[in-house]
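*Asks:* Provided herewith: upload-v7.cif, mmCIF, C-alpha atoms and all ligand atoms.
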data_start
#
loop_
_atom_site.group_PDB
_atom_site.id
_atom_site.type_symbol
_atom_site.label_atom_id
_atom_site.label_comp_id
_atom_site.auth_asym_id
_atom_site.auth_seq_id
_atom_site.Cartn_x
_atom_site.Cartn_y
_atom_site.Cartn_z
ATOM 1 C CA MET A 29 23.176 6.650 -13.175
ATOM 2 C CA ASN A 30 23.912 9.513 -15.490
ATOM 3 C CA LEU A 31 23.658 13.020 -14.031
ATOM 4 C CA TYR A 32 22.874 15.746 -16.516
ATOM 5 C CA ASN A 33 25.554 18.402 -16.699
ATOM 6 C CA TYR A 34 23.661 21.575 -15.792
ATOM 7 C CA VAL A 35 22.300 22.363 -12.346
ATOM 8 C CA TRP A 36 20.128 25.260 -11.261
ATOM 9 C CA THR A 37 20.915 27.321 -8.167
ATOM 10 C CA GLN A 38 19.514 30.583 -6.779
ATOM 11 C CA ASP A 39 22.168 32.295 -8.947
ATOM 12 C CA GLY A 40 21.101 30.647 -12.199
ATOM 13 C CA ILE A 41 22.028 27.645 -14.338
ATOM 14 C CA THR A 42 25.622 26.454 -14.071
ATOM 15 C CA ALA A 43 27.740 23.397 -14.898
ATOM 16 C CA LYS A 44 27.506 20.870 -12.050
ATOM 17 C CA ASP A 45 31.273 20.711 -11.504
ATOM 18 C CA SER A 46 31.413 24.440 -10.758
ATOM 19 C CA LEU A 47 29.009 24.122 -7.806
ATOM 20 C CA VAL A 48 30.919 24.490 -4.514
ATOM 21 C CA TYR A 49 29.310 24.362 -1.066
ATOM 22 C CA PRO A 50 30.840 25.904 2.079
ATOM 23 C CA PHE A 51 31.126 23.455 4.956
ATOM 24 C CA GLU A 52 29.185 25.796 7.219
ATOM 25 C CA GLU A 53 25.914 25.179 5.417
ATOM 26 C CA ARG A 54 22.579 24.664 7.214
ATOM 27 C CA GLY A 55 21.571 21.660 5.140
ATOM 28 C CA LEU A 56 24.906 19.949 5.727
ATOM 29 C CA GLN A 57 25.183 20.728 9.428
ATOM 30 C CA PHE A 58 21.576 20.674 10.673
ATOM 31 C CA GLY A 59 19.548 19.060 7.910
ATOM 32 C CA ASP A 60 17.840 22.464 8.036
ATOM 33 C CA GLY A 61 16.068 22.346 4.700
ATOM 34 C CA ILE A 62 13.489 20.709 2.476
ATOM 35 C CA TYR A 63 13.477 18.879 -0.843
ATOM 36 C CA GLU A 64 11.398 17.398 -3.633
ATOM 37 C CA VAL A 65 11.938 14.617 -6.165
ATOM 38 C CA ILE A 66 9.965 15.109 -9.363
ATOM 39 C CA ARG A 67 9.445 12.519 -12.111
ATOM 40 C CA ILE A 68 10.328 13.242 -15.717
ATOM 41 C CA TYR A 69 8.880 11.007 -18.451
ATOM 42 C CA GLN A 70 10.574 11.382 -21.843
ATOM 43 C CA GLY A 71 11.719 14.895 -20.974
ATOM 44 C CA ASN A 72 8.398 16.100 -19.460
ATOM 45 C CA TYR A 73 7.758 16.771 -15.776
ATOM 46 C CA ASP A 74 4.969 14.743 -14.190
ATOM 47 C CA LEU A 75 2.811 16.125 -11.333
ATOM 48 C CA LEU A 76 4.948 19.281 -11.311
ATOM 49 C CA ASP A 77 2.320 21.592 -9.774
ATOM 50 C CA ALA A 78 1.571 19.124 -6.964
ATOM 51 C CA HIS A 79 5.265 18.874 -6.054
ATOM 52 C CA ILE A 80 5.699 22.655 -6.081
ATOM 53 C CA GLU A 81 2.634 23.109 -3.866
ATOM 54 C CA ARG A 82 4.053 20.570 -1.385
ATOM 55 C CA LEU A 83 7.450 22.286 -1.453
ATOM 56 C CA TYR A 84 5.832 25.559 -0.376
ATOM 57 C CA ARG A 85 3.863 23.779 2.356
ATOM 58 C CA SER A 86 7.106 22.256 3.688
ATOM 59 C CA ALA A 87 8.848 25.648 3.511
ATOM 60 C CA GLU A 88 6.063 27.370 5.428
ATOM 61 C CA ALA A 89 6.079 24.654 8.090
ATOM 62 C CA ILE A 90 9.764 25.231 8.860
ATOM 63 C CA ARG A 91 9.599 29.033 8.329
ATOM 64 C CA LEU A 92 11.951 28.872 5.361
ATOM 65 C CA GLN A 93 11.971 31.545 2.689
ATOM 66 C CA VAL A 94 11.720 30.117 -0.857
ATOM 67 C CA PRO A 95 13.728 32.599 -2.946
ATOM 68 C CA PHE A 96 11.265 32.440 -5.898
ATOM 69 C CA ASN A 97 7.518 32.441 -6.400
ATOM 70 C CA LYS A 98 5.797 29.328 -7.758
ATOM 71 C CA GLU A 99 5.669 30.525 -11.372
ATOM 72 C CA GLU A 100 9.361 31.467 -11.364
ATOM 73 C CA LEU A 101 10.242 28.110 -9.868
ATOM 74 C CA ILE A 102 8.275 26.183 -12.492
ATOM 75 C CA THR A 103 9.779 28.239 -15.327
ATOM 76 C CA SER A 104 13.303 27.689 -13.993
ATOM 77 C CA LEU A 105 12.776 23.929 -13.735
ATOM 78 C CA GLN A 106 11.483 23.868 -17.319
ATOM 79 C CA ASN A 107 14.545 25.861 -18.404
ATOM 80 C CA LEU A 108 16.834 23.405 -16.625
ATOM 81 C CA ALA A 109 15.306 20.411 -18.435
ATOM 82 C CA GLU A 110 15.604 22.289 -21.722
ATOM 83 C CA LYS A 111 19.205 23.356 -21.121
ATOM 84 C CA ASN A 112 20.107 19.721 -20.390
ATOM 85 C CA ALA A 113 18.154 18.536 -23.464
ATOM 86 C CA VAL A 114 16.457 15.854 -21.365
ATOM 87 C CA HIS A 115 14.485 13.398 -23.516
ATOM 88 C CA THR A 116 14.733 10.270 -21.385
ATOM 89 C CA ASP A 117 12.936 9.100 -18.249
ATOM 90 C CA ALA A 118 14.636 10.955 -15.418
ATOM 91 C CA LYS A 119 14.081 12.605 -12.048
ATOM 92 C CA LEU A 120 14.767 16.058 -10.709
ATOM 93 C CA TYR A 121 16.131 16.588 -7.200
ATOM 94 C CA LEU A 122 15.501 20.040 -5.716
ATOM 95 C CA GLN A 123 16.706 21.161 -2.293
ATOM 96 C CA ILE A 124 16.399 24.433 -0.390
ATOM 97 C CA THR A 125 18.212 25.098 2.883
ATOM 98 C CA ARG A 126 18.371 27.983 5.345
ATOM 99 C CA GLY A 127 21.656 29.102 3.792
ATOM 100 C CA SER A 128 25.355 29.325 4.587
ATOM 101 C CA ALA A 129 26.336 30.835 7.951
ATOM 102 C CA PRO A 130 28.550 30.216 11.000
ATOM 103 C CA ARG A 131 27.205 27.233 12.947
ATOM 104 C CA GLU A 132 24.534 28.458 15.376
ATOM 105 C CA HIS A 133 21.188 26.749 15.925
ATOM 106 C CA THR A 134 19.095 29.928 15.603
ATOM 107 C CA PHE A 135 18.106 31.236 12.153
ATOM 108 C CA PRO A 136 20.873 33.226 10.407
ATOM 109 C CA ASP A 137 20.048 36.390 8.470
ATOM 110 C CA VAL A 138 21.276 35.057 5.121
ATOM 111 C CA PRO A 139 19.606 34.038 1.853
ATOM 112 C CA SER A 140 18.459 30.434 1.361
ATOM 113 C CA ASN A 141 20.522 28.050 -0.737
ATOM 114 C CA LEU A 142 18.806 26.219 -3.564
ATOM 115 C CA TYR A 143 20.000 23.668 -6.057
ATOM 116 C CA ALA A 144 18.325 21.345 -8.512
ATOM 117 C CA TYR A 145 19.774 18.678 -10.771
ATOM 118 C CA ILE A 146 18.445 16.000 -13.090
ATOM 119 C CA GLU A 147 19.453 12.362 -13.166
ATOM 120 C CA GLU A 148 18.501 9.670 -15.647
ATOM 121 C CA SER A 149 16.061 7.266 -14.037
ATOM 122 C CA PRO A 150 14.524 4.422 -16.033
ATOM 123 C CA ARG A 151 11.186 3.070 -14.829
ATOM 124 C CA PRO A 152 11.670 -0.058 -12.669
ATOM 125 C CA ALA A 153 9.879 -2.200 -15.269
ATOM 126 C CA ALA A 154 10.771 -5.667 -13.926
ATOM 127 C CA GLN A 155 9.727 -4.783 -10.381
ATOM 128 C CA LEU A 156 6.516 -3.163 -11.608
ATOM 129 C CA GLN A 157 5.723 -6.468 -13.315
ATOM 130 C CA GLN A 158 6.771 -8.883 -10.596
ATOM 131 C CA GLY A 159 6.314 -6.945 -7.375
ATOM 132 C CA VAL A 160 8.737 -6.459 -4.486
ATOM 133 C CA ARG A 161 9.495 -7.755 -1.013
ATOM 134 C CA THR A 162 9.126 -5.550 2.061
ATOM 135 C CA ILE A 163 9.796 -5.723 5.785
ATOM 136 C CA LEU A 164 7.997 -4.186 8.760
ATOM 137 C CA THR A 165 9.814 -1.815 11.082
ATOM 138 C CA GLU A 166 8.796 0.471 13.907
ATOM 139 C CA ASP A 167 8.089 4.077 12.999
ATOM 140 C CA ILE A 168 10.435 5.997 15.288
ATOM 141 C CA ARG A 169 10.090 9.310 13.445
ATOM 142 C CA TRP A 170 8.718 12.622 14.710
ATOM 143 C CA ASP A 171 5.078 13.760 14.406
ATOM 144 C CA LEU A 172 5.523 16.074 11.414
ATOM 145 C CA CYS A 173 6.433 13.745 8.571
ATOM 146 C CA TYR A 174 4.203 15.718 6.176
ATOM 147 C CA ILE A 175 7.180 18.104 5.977
ATOM 148 C CA LYS A 176 9.563 16.834 3.318
ATOM 149 C CA SER A 177 12.634 17.739 5.345
ATOM 150 C CA LEU A 178 16.240 16.725 4.801
ATOM 151 C CA ASN A 179 16.233 14.812 8.114
ATOM 152 C CA LEU A 180 15.985 11.274 6.771
ATOM 153 C CA LEU A 181 18.074 9.248 9.220
ATOM 154 C CA PRO A 182 15.236 6.924 10.371
ATOM 155 C CA ASN A 183 14.277 6.388 6.731
ATOM 156 C CA VAL A 184 17.900 5.664 5.772
ATOM 157 C CA LEU A 185 18.282 3.119 8.593
ATOM 158 C CA ALA A 186 14.973 1.433 7.759
ATOM 159 C CA LYS A 187 15.774 1.168 4.046
ATOM 160 C CA GLN A 188 19.214 -0.270 4.823
ATOM 161 C CA THR A 189 17.650 -2.918 7.089
ATOM 162 C CA ALA A 190 15.233 -3.760 4.281
ATOM 163 C CA LYS A 191 18.130 -4.164 1.867
ATOM 164 C CA GLU A 192 20.044 -6.381 4.303
ATOM 165 C CA ASN A 193 16.950 -8.598 4.491
ATOM 166 C CA GLY A 194 16.548 -8.958 0.739
ATOM 167 C CA ALA A 195 13.678 -6.457 0.572
ATOM 168 C CA VAL A 196 13.324 -3.133 -1.249
ATOM 169 C CA GLU A 197 11.149 -1.237 1.193
ATOM 170 C CA ALA A 198 10.585 -0.971 4.943
ATOM 171 C CA ILE A 199 6.972 -0.390 5.976
ATOM 172 C CA PHE A 200 6.654 1.670 9.143
ATOM 173 C CA HIS A 201 4.142 0.883 11.890
ATOM 174 C CA LYS A 202 3.321 2.790 15.055
ATOM 175 C CA ASP A 203 1.106 1.473 17.897
ATOM 176 C CA GLY A 204 0.200 -1.483 15.688
ATOM 177 C CA GLN A 205 -0.975 0.699 12.781
ATOM 178 C CA VAL A 206 0.763 1.013 9.403
ATOM 179 C CA THR A 207 1.847 4.582 8.662
ATOM 180 C CA GLU A 208 3.845 4.601 5.388
ATOM 181 C CA GLY A 209 7.021 3.245 3.796
ATOM 182 C CA SER A 210 10.520 4.637 4.289
ATOM 183 C CA SER A 211 10.132 6.358 0.901
ATOM 184 C CA SER A 212 6.592 5.480 -0.161
ATOM 185 C CA ASN A 213 2.927 5.416 0.850
ATOM 186 C CA VAL A 214 1.223 2.092 1.531
ATOM 187 C CA PHE A 215 -2.142 0.814 0.223
ATOM 188 C CA ILE A 216 -4.004 -2.425 0.827
ATOM 189 C CA VAL A 217 -6.932 -3.967 -1.018
ATOM 190 C CA LYS A 218 -9.425 -6.043 0.982
ATOM 191 C CA ASP A 219 -12.746 -7.325 -0.348
ATOM 192 C CA ASN A 220 -12.467 -4.996 -3.374
ATOM 193 C CA MET A 221 -11.980 -1.929 -1.174
ATOM 194 C CA LEU A 222 -8.873 0.240 -1.073
ATOM 195 C CA PHE A 223 -7.366 1.401 2.231
ATOM 196 C CA THR A 224 -4.570 3.868 2.944
ATOM 197 C CA HIS A 225 -3.485 5.913 5.966
ATOM 198 C CA PRO A 226 -5.232 9.323 6.093
ATOM 199 C CA ALA A 227 -3.245 12.373 4.964
ATOM 200 C CA ALA A 228 -2.463 13.216 8.597
ATOM 201 C CA PRO A 229 0.611 15.190 9.775
ATOM 202 C CA ASN A 230 2.537 11.983 10.614
ATOM 203 C CA ILE A 231 2.924 10.826 6.993
ATOM 204 C CA LEU A 232 4.122 12.435 3.786
ATOM 205 C CA HIS A 233 1.192 13.341 1.555
ATOM 206 C CA GLY A 234 2.522 11.613 -1.527
ATOM 207 C CA CYS A 235 1.782 13.072 -4.939
ATOM 208 C CA VAL A 236 1.340 9.548 -6.336
ATOM 209 C CA ARG A 237 -0.890 8.663 -3.357
ATOM 210 C CA ASP A 238 -3.183 11.539 -4.347
ATOM 211 C CA ARG A 239 -3.259 10.459 -7.959
ATOM 212 C CA VAL A 240 -4.083 6.870 -6.984
ATOM 213 C CA LEU A 241 -7.004 8.108 -4.875
ATOM 214 C CA THR A 242 -8.312 10.046 -7.883
ATOM 215 C CA LEU A 243 -7.904 7.048 -10.188
ATOM 216 C CA ALA A 244 -9.603 4.781 -7.674
ATOM 217 C CA ALA A 245 -12.557 7.169 -7.364
ATOM 218 C CA GLU A 246 -12.855 7.331 -11.163
ATOM 219 C CA SER A 247 -12.905 3.550 -11.364
ATOM 220 C CA ALA A 248 -15.706 3.408 -8.786
ATOM 221 C CA LEU A 249 -13.470 1.524 -6.366
ATOM 222 C CA GLU A 250 -14.505 2.074 -2.756
ATOM 223 C CA VAL A 251 -11.749 3.987 -0.983
ATOM 224 C CA HIS A 252 -11.156 4.340 2.756
ATOM 225 C CA GLU A 253 -8.568 6.793 4.036
ATOM 226 C CA THR A 254 -8.327 5.077 7.401
ATOM 227 C CA THR A 255 -5.522 3.503 9.361
ATOM 228 C CA PHE A 256 -5.080 -0.269 9.196
ATOM 229 C CA SER A 257 -3.082 -2.620 11.385
ATOM 230 C CA THR A 258 -0.006 -4.681 10.560
ATOM 231 C CA GLN A 259 -2.271 -7.759 10.816
ATOM 232 C CA GLN A 260 -4.649 -6.279 8.224
ATOM 233 C CA LEU A 261 -1.620 -5.650 6.032
ATOM 234 C CA LEU A 262 -0.574 -9.296 6.278
ATOM 235 C CA ASP A 263 -4.167 -10.459 5.641
ATOM 236 C CA ALA A 264 -4.734 -8.140 2.671
ATOM 237 C CA ASP A 265 -5.833 -9.419 -0.740
ATOM 238 C CA GLU A 266 -3.375 -7.039 -2.398
ATOM 239 C CA VAL A 267 -0.715 -4.603 -1.189
ATOM 240 C CA PHE A 268 1.100 -1.899 -3.098
ATOM 241 C CA ILE A 269 3.315 1.079 -2.322
ATOM 242 C CA THR A 270 3.453 4.351 -4.226
ATOM 243 C CA SER A 271 6.137 6.927 -4.929
ATOM 244 C CA THR A 272 7.399 9.235 -7.626
ATOM 245 C CA THR A 273 10.138 6.868 -8.767
ATOM 246 C CA SER A 274 8.446 3.523 -8.099
ATOM 247 C CA GLU A 275 4.919 4.584 -9.204
ATOM 248 C CA ILE A 276 2.391 1.901 -8.148
ATOM 249 C CA MET A 277 4.609 -0.941 -6.981
ATOM 250 C CA PRO A 278 3.024 -4.301 -6.131
ATOM 251 C CA VAL A 279 4.131 -5.798 -2.806
ATOM 252 C CA ILE A 280 4.308 -9.594 -2.842
ATOM 253 C CA GLU A 281 5.881 -10.205 0.547
ATOM 254 C CA VAL A 282 5.847 -8.564 3.993
ATOM 255 C CA ASP A 283 8.340 -9.825 6.596
ATOM 256 C CA GLY A 284 8.646 -13.166 4.798
ATOM 257 C CA ASN A 285 4.838 -13.621 4.530
ATOM 258 C CA ARG A 286 3.480 -13.900 1.024
ATOM 259 C CA ILE A 287 0.644 -11.601 0.073
ATOM 260 C CA ARG A 288 -2.002 -13.661 -1.685
ATOM 261 C CA ASN A 289 -0.037 -16.122 -3.816
ATOM 262 C CA GLY A 290 2.995 -13.883 -4.261
ATOM 263 C CA ARG A 291 1.655 -12.366 -7.479
ATOM 264 C CA PRO A 292 0.493 -8.774 -8.074
ATOM 265 C CA GLY A 293 -3.299 -8.542 -7.806
ATOM 266 C CA MET A 294 -5.906 -7.464 -10.374
ATOM 267 C CA ILE A 295 -6.807 -4.149 -8.774
ATOM 268 C CA THR A 296 -3.140 -3.205 -8.488
ATOM 269 C CA ARG A 297 -2.729 -4.010 -12.203
ATOM 270 C CA GLN A 298 -5.746 -1.938 -13.182
ATOM 271 C CA LEU A 299 -4.427 1.033 -11.232
ATOM 272 C CA GLN A 300 -0.964 0.603 -12.778
ATOM 273 C CA LEU A 301 -2.466 0.696 -16.273
ATOM 274 C CA ALA A 302 -4.619 3.727 -15.457
ATOM 275 C CA TYR A 303 -1.508 5.401 -14.017
ATOM 276 C CA GLU A 304 0.420 4.870 -17.246
ATOM 277 C CA GLN A 305 -2.406 6.430 -19.207
ATOM 278 C CA VAL A 306 -2.887 9.486 -17.031
ATOM 279 C CA SER A 307 0.876 10.166 -16.761
ATOM 280 C CA ASP A 308 1.107 9.981 -20.548
ATOM 281 C CA ILE A 309 3.849 7.376 -20.283
ATOM 282 C CA GLN A 310 4.951 6.416 -23.786
ATOM 283 C CA GLN A 311 6.911 3.251 -23.103
ATOM 284 C CA THR A 312 4.646 0.923 -21.207
ATOM 285 C CA ALA A 313 6.077 -1.513 -18.655
ATOM 286 C CA PHE A 314 3.186 -3.914 -19.278
ATOM 287 C CA ILE A 315 2.583 -5.945 -22.386
HETATM 288 N N1 LIG B 1 6.539 8.798 2.029
HETATM 289 C C1 LIG B 1 7.854 9.071 2.144
HETATM 290 C C2 LIG B 1 8.480 9.005 3.497
HETATM 291 C C3 LIG B 1 8.597 9.418 1.004
HETATM 292 O O1 LIG B 1 9.911 9.715 1.118
HETATM 293 C C4 LIG B 1 7.976 9.430 -0.266
HETATM 294 C C5 LIG B 1 8.777 9.743 -1.504
HETATM 295 N N2 LIG B 1 8.864 11.114 -1.709
HETATM 296 C C6 LIG B 1 6.602 9.144 -0.347
HETATM 297 C C7 LIG B 1 5.918 8.828 0.825
HETATM 298 C C8 LIG B 1 5.884 9.188 -1.662
HETATM 299 O O2 LIG B 1 5.705 10.522 -2.092
HETATM 300 P P1 LIG B 1 5.551 10.872 -3.636
HETATM 301 O O3 LIG B 1 4.412 10.040 -4.143
HETATM 302 O O4 LIG B 1 5.233 12.317 -3.653
HETATM 303 O O5 LIG B 1 6.845 10.522 -4.288
#
Output the file's structure as structure tokens, nothing else.
*Replies:*
Amino acid sequence: MNLYNYVWTQDGITAKDSLVYPFEERGLQFGDGIYEVIRIYQGNYDLLDAHIERLYRSAEAIRLQVPFNKEELITSLQNLAEKNAVHTDAKLYLQITRGSAPREHTFPDVPSNLYAYIEESPRPAAQLQQGVRTILTEDIRWDLCYIKSLNLLPNVLAKQTAKENGAVEAIFHKDGQVTEGSSSNVFIVKDNMLFTHPAAPNILHGCVRDRVLTLAAESALEVHETTFSTQQLLDADEVFITSTTSEIMPVIEVDGNRIRNGRPGMITRQLQLAYEQVSDIQQTAFI
């Protein structure tokens, strides 16, 4: 996919090819940093404030200094989109690490490193229409997954296993309970009620998850932020996953078991349509 030419670093906006990283860099060597992925629809950031708030929460949790305040950060991201003349659907990747220093586990006394770049990213229209397959896999991650840290090895391995099994997402479970996806939050619908794992420290508090909860409340749908088991997942009337890039994605199969009749459900569709409206998406994926 096309990367836009200009990137933003703590030193300002620069052409992407001029960005050079030392090999003794905390993100590279320890995964000692945090990140965000932010949606852009037709050149405009979506849920920008929510992502920035979460970035600061992650930074605080790992005692990392963000080299800008929230307003400066937002202004710089707007400037980056403008400088790149972004008018398409795209996504921004932003990463902050504990800086460049000789390799020692303890914190170095150096400034943080930050970079952000924008990549074209069309909405996954066909998948949003048809739904996707998923697999189940054990959640072997640590207890602080609300921190959006660079340490994604369990997520990488799970997603790869999903791919090798013809699926697009791996759904994690721990002690029989569903936690979240390798890069998404998980919802089920049962008897016209919506269930999702509580925003506890062991899952990422997804920005799209939050928006779905708001939309559900507005539509008078009964919502339960409670854990549910892998069996409840398999027995659900509808299943969907949420994330910045995949929005509200219907799940039609879990571990080879069809959900309902293998077609996205009505409540999922209603939420997808409400999501398009509230995100001010111009080019609808649904006819
Ligand atoms: N959980 C995990 C593990 C993720 O990586 C993501 C994607 N950032 C999500 C949930 C969904 O979060 P969001 O809705 O903010 O994209």
*Asks:* Which residues would end up in the selection if the PyMOL selection byres (((chain A and resi 157-170) around 7) and not hetatm) were applied here, given that I need the answer as a list in words?
*Replies:* Ala153, Ala154, Gln155, Leu156, Asp171, Leu172, Cys173, Pro182, Ala186, Ala190, Ala195, Val196, Glu197, Ala198, Ile199, Phe200, His201, Lys202, Met277, Pro278, Val279, Ile280, Glu281, Val282, Asp283, Arg291, Pro292 and Phe314 of chain A
*Asks:* Name the closest residue to Asp77 of chain A among the candidates A:Trp36, A:Gly204, A:Leu249, A:Cys235; distances are taken between atoms, counting only C-alpha atoms.
*Replies:* A:Cys235
*Asks:* Work out how far apart atom CA of Arg67 of chain A and atom CA of Ser104 of chain A are and give it in Å to one decimal.
*Replies:*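 Atom-to-atom, atom CA of Arg67 of chain A and atom CA of Ser104 of chain A are spaced 15.8 Å apart.
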*Asks:* Just so the selection is clear, what residues does the PyMOL selection byres (((chain A and resi 270-275) around 6) and not hetatm) cover here, as a list of chain:residue names?
*Replies:* A:Arg67, A:Ser212, A:Asn213, A:Val236, A:Ile269, A:Ile276, A:Met277
*Asks:* Select, from A:Asp238, A:Asp219, A:Glu52, A:Glu132, the residue with the minimum atom-to-atom distance to ligand LIG 1 (chain B), counting only C-alpha atoms and all ligand atoms.
*Replies:*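 The closest residue to ligand LIG 1 (chain B) is A:Asp238.
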